[in-house]
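Written out below as structure tokens is the structure these notes cover.
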Amino acid sequence: MATVPASLQSGDRRPDPDDDFVIRPSWRAGRSWAKQPAFVKYRKHMLGFIVAVQPLVLLTMPFTHIPRYLLEVSVGISVVFVLLLPLYLWWYKSAAIRVTADLIVINHFLRRPNVIKRHDIVRVARCGVVQVDISPILPQPVVFMFGADGRCLVSLWMTRWNWNDLERIWKPLGVSVEGSWDDVVLQAKLASRFPGAF
């Protein structure tokens, strides 16, 4: 006959998976937002294809038939991409959101961790943000978390984060989400509408 663990016999509750977890950026998050044309959704794939094809073209063509300046520019572009790619991956993967029962710790590349109390979140809003006032710039989805004083505690671009993962932060607190992704705001006007955002 199975026995009940002593920790549960004494009245201790089971560990809640929403009490302590880590959220990391998701490569798939950027593709999940509609209204982005295919060339925007798959820009990383196209960039990778161009970088991969370039050395192949250089190696298969006789060097005597390539103008010297074209060769230098092509090799220079390849070297820059090779050097910048690890830095980009480090920057992307360095972000993480650590959530405990009491605290939220947000880490970003080369920035001090942002620490807030989880129970200070009383309001969550979402909208689309246009970064440059030029049409037709596509709005990027953003989520904001606010404290009781109305100031924004957390601002996150949703193209890096999975929505279902982020919901685990405020759902146990009983906070509902306001707004819509179709509600578009210019980044220059964020400060007046969402004080403390970004």
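Identifiers in this document derive from the order of the structure tokens: chains are assigned A, B, ..., residues are numbered from 1 separately in each chain, and ligands are numbered from 1 in order of occurrence.
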Surrounding residues of Val184 (chain A) excluding itself and chain neighbours under 5 positions, 8 Å, only C-alpha atoms, as a PyMOL selection string: chain A and resi 127-130+139
Write out as a PyMOL selection string the residues lying within 12 Å of Leu186 (chain A), counting only C-alpha atoms and excluding same-chain residues fewer than 2 positions away. chain A and resi 127-135+137-142+183-184+188-194
Which of region 40-175 of chain A counts as helix (DSSP H, G or I) under DSSP, as JSON, numbers by chain please? {"A": [40, 41, 43, 44, 45, 46, 47, 48, 49, 50, 51, 52, 53, 54, 55, 56, 57, 58, 59, 60, 63, 64, 65, 68, 69, 70, 71, 72, 73, 74, 75, 76, 77, 78, 79, 80, 81, 82, 83, 84, 85, 86, 87, 88, 89, 90, 91, 92, 93, 94, 118, 119, 120, 163, 164, 165, 166, 167, 168, 169, 170, 171, 172, 173]}
Save the residues we just selected, C-alpha atoms, as a CSV table (one decimal), in the first residue's frame?
```
chain,number,residue,atom,x,y,z
A,40,VAL,CA,9.2,40.0,-42.1
A,41,LYS,CA,8.4,36.7,-40.3
A,43,ARG,CA,13.9,37.6,-42.4
A,44,LYS,CA,16.3,35.5,-40.2
A,45,HIS,CA,16.0,32.6,-42.6
A,46,MET,CA,16.6,34.8,-45.7
A,47,LEU,CA,19.6,36.4,-44.0
A,48,GLY,CA,21.1,33.0,-43.1
A,49,PHE,CA,20.5,31.8,-46.7
A,50,ILE,CA,22.4,34.9,-48.1
A,51,VAL,CA,25.3,34.4,-45.7
A,52,ALA,CA,25.5,30.7,-46.5
A,53,VAL,CA,25.4,31.2,-50.3
A,54,GLN,CA,28.0,33.9,-50.4
A,55,PRO,CA,31.0,31.7,-49.5
A,56,LEU,CA,29.7,29.0,-51.9
A,57,VAL,CA,29.7,31.5,-54.8
A,58,LEU,CA,33.2,32.7,-53.9
A,59,LEU,CA,34.6,29.2,-53.8
A,60,THR,CA,33.0,28.0,-57.0
A,63,PHE,CA,39.2,34.1,-58.6
A,64,THR,CA,40.6,35.5,-61.9
A,65,HIS,CA,37.1,36.4,-63.1
A,68,ARG,CA,39.1,42.6,-56.7
A,69,TYR,CA,36.8,45.1,-55.0
A,70,LEU,CA,33.9,42.7,-55.3
A,71,LEU,CA,35.9,40.0,-53.6
A,72,GLU,CA,37.0,42.3,-50.8
A,73,VAL,CA,33.5,43.6,-50.1
A,74,SER,CA,32.0,40.0,-50.2
A,75,VAL,CA,34.6,38.6,-47.8
A,76,GLY,CA,34.2,41.7,-45.5
A,77,ILE,CA,30.5,41.2,-45.3
A,78,SER,CA,30.9,37.5,-44.5
A,79,VAL,CA,33.5,38.2,-41.8
A,80,VAL,CA,31.2,40.9,-40.2
A,81,PHE,CA,28.3,38.5,-40.1
A,82,VAL,CA,30.4,35.7,-38.6
A,83,LEU,CA,31.7,38.0,-35.9
A,84,LEU,CA,28.3,39.6,-35.0
A,85,LEU,CA,26.2,36.4,-35.0
A,86,PRO,CA,27.6,35.1,-31.7
A,87,LEU,CA,27.2,38.5,-30.1
A,88,TYR,CA,23.6,38.6,-31.3
A,89,LEU,CA,22.9,35.1,-29.9
A,90,TRP,CA,24.5,36.1,-26.6
A,91,TRP,CA,22.4,39.2,-26.4
A,92,TYR,CA,19.2,37.3,-27.3
A,93,LYS,CA,19.8,34.4,-24.9
A,94,SER,CA,21.0,36.6,-22.0
A,118,ARG,CA,5.2,40.1,-7.8
A,119,HIS,CA,2.2,41.1,-5.7
A,120,ASP,CA,2.8,44.8,-6.7
A,163,TRP,CA,2.4,34.8,-24.2
A,164,ASN,CA,1.4,31.6,-22.4
A,165,ASP,CA,4.6,31.8,-20.3
A,166,LEU,CA,4.1,35.4,-19.4
A,167,GLU,CA,0.5,34.7,-18.3
A,168,ARG,CA,1.8,32.5,-15.5
A,169,ILE,CA,3.1,35.7,-13.9
A,170,TRP,CA,-0.2,37.5,-13.3
A,171,LYS,CA,-2.8,34.7,-13.6
A,172,PRO,CA,-2.2,33.4,-10.0
A,173,LEU,CA,-2.7,37.0,-8.8
```
Can you tell me, as a list of chain:residue names, what residues are no more than 6 Å from Arg98 (chain A) when counting only C-alpha atoms, ignoring any on the same chain fewer than 4 positions away? A:Val22, A:Ile104, A:Val105
Export of prior selection with C-alpha atoms as an mmCIF file, in the first residue's frame:
```cif
data_model
loop_
_atom_site.group_PDB
_atom_site.id
_atom_site.type_symbol
_atom_site.label_atom_id
_atom_site.label_comp_id
_atom_site.auth_asym_id
_atom_site.auth_seq_id
_atom_site.Cartn_x
_atom_site.Cartn_y
_atom_site.Cartn_z
ATOM 1 C CA VAL A 22 12.168 30.918 -15.366
ATOM 2 C CA ILE A 104 10.152 38.948 -10.451
ATOM 3 C CA VAL A 105 13.764 39.384 -11.602
#
```
Using only C-alpha atoms, can you tell me which of A:Phe144, A:Trp161, A:Trp181, A:Phe21 comes closest to Ile121 (chain A)?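 Checking each candidate against Ile121 (chain A), we get A:Phe144 as the closest.
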Of the candidates A:Val185, A:Ala95, A:Met158, A:Ala197, which one gets nearest to Arg112 (chain A) if we count only C-alpha atoms? A:Ala95
Of A:Pro25, A:Val99, A:Val175, A:Pro113, the one nearest to Leu156 (chain A) when counting only C-alpha atoms is A:Pro25
d(CA of Val124 (chain A), CA of Met145 (chain A)) in Å: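 So the answer is 4.5 Å.
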Assign secondary structure with DSSP using the backbone only, and return the residues of region 39-190 of chain A in strand (DSSP E or B) as a count of residues only. 44
Proximity to Ser180 (chain A) - best of A:Arg126, A:Trp157, A:Ile97, A:Phe146, only C-alpha atoms: A:Arg126
Give me, please, the distance in Å between CA of Leu103 (chain A) and CA of Lys117 (chain A), quoted to one decimal. 4.5 Å
So the first atom is CA of Pro195 (chain A) and the second is CA of Ala148 (chain A); what is the distance between them in Å, to one decimal place?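 CA of Ala148 (chain A) lies at a distance of 12.4 Å from CA of Pro195 (chain A).
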Excluding Phe198 (chain A) and residues on its chain fewer than 2 positions from it, collect all residues at most 8 Å away from it, counting only C-alpha atoms, and give them as a ChimeraX atom specification. /A:154-155,196
Residue among A:Thr100, A:Asn107, A:Leu153, A:Ser176 lying closest to Arg24 (chain A), counting only C-alpha atoms: A:Asn107
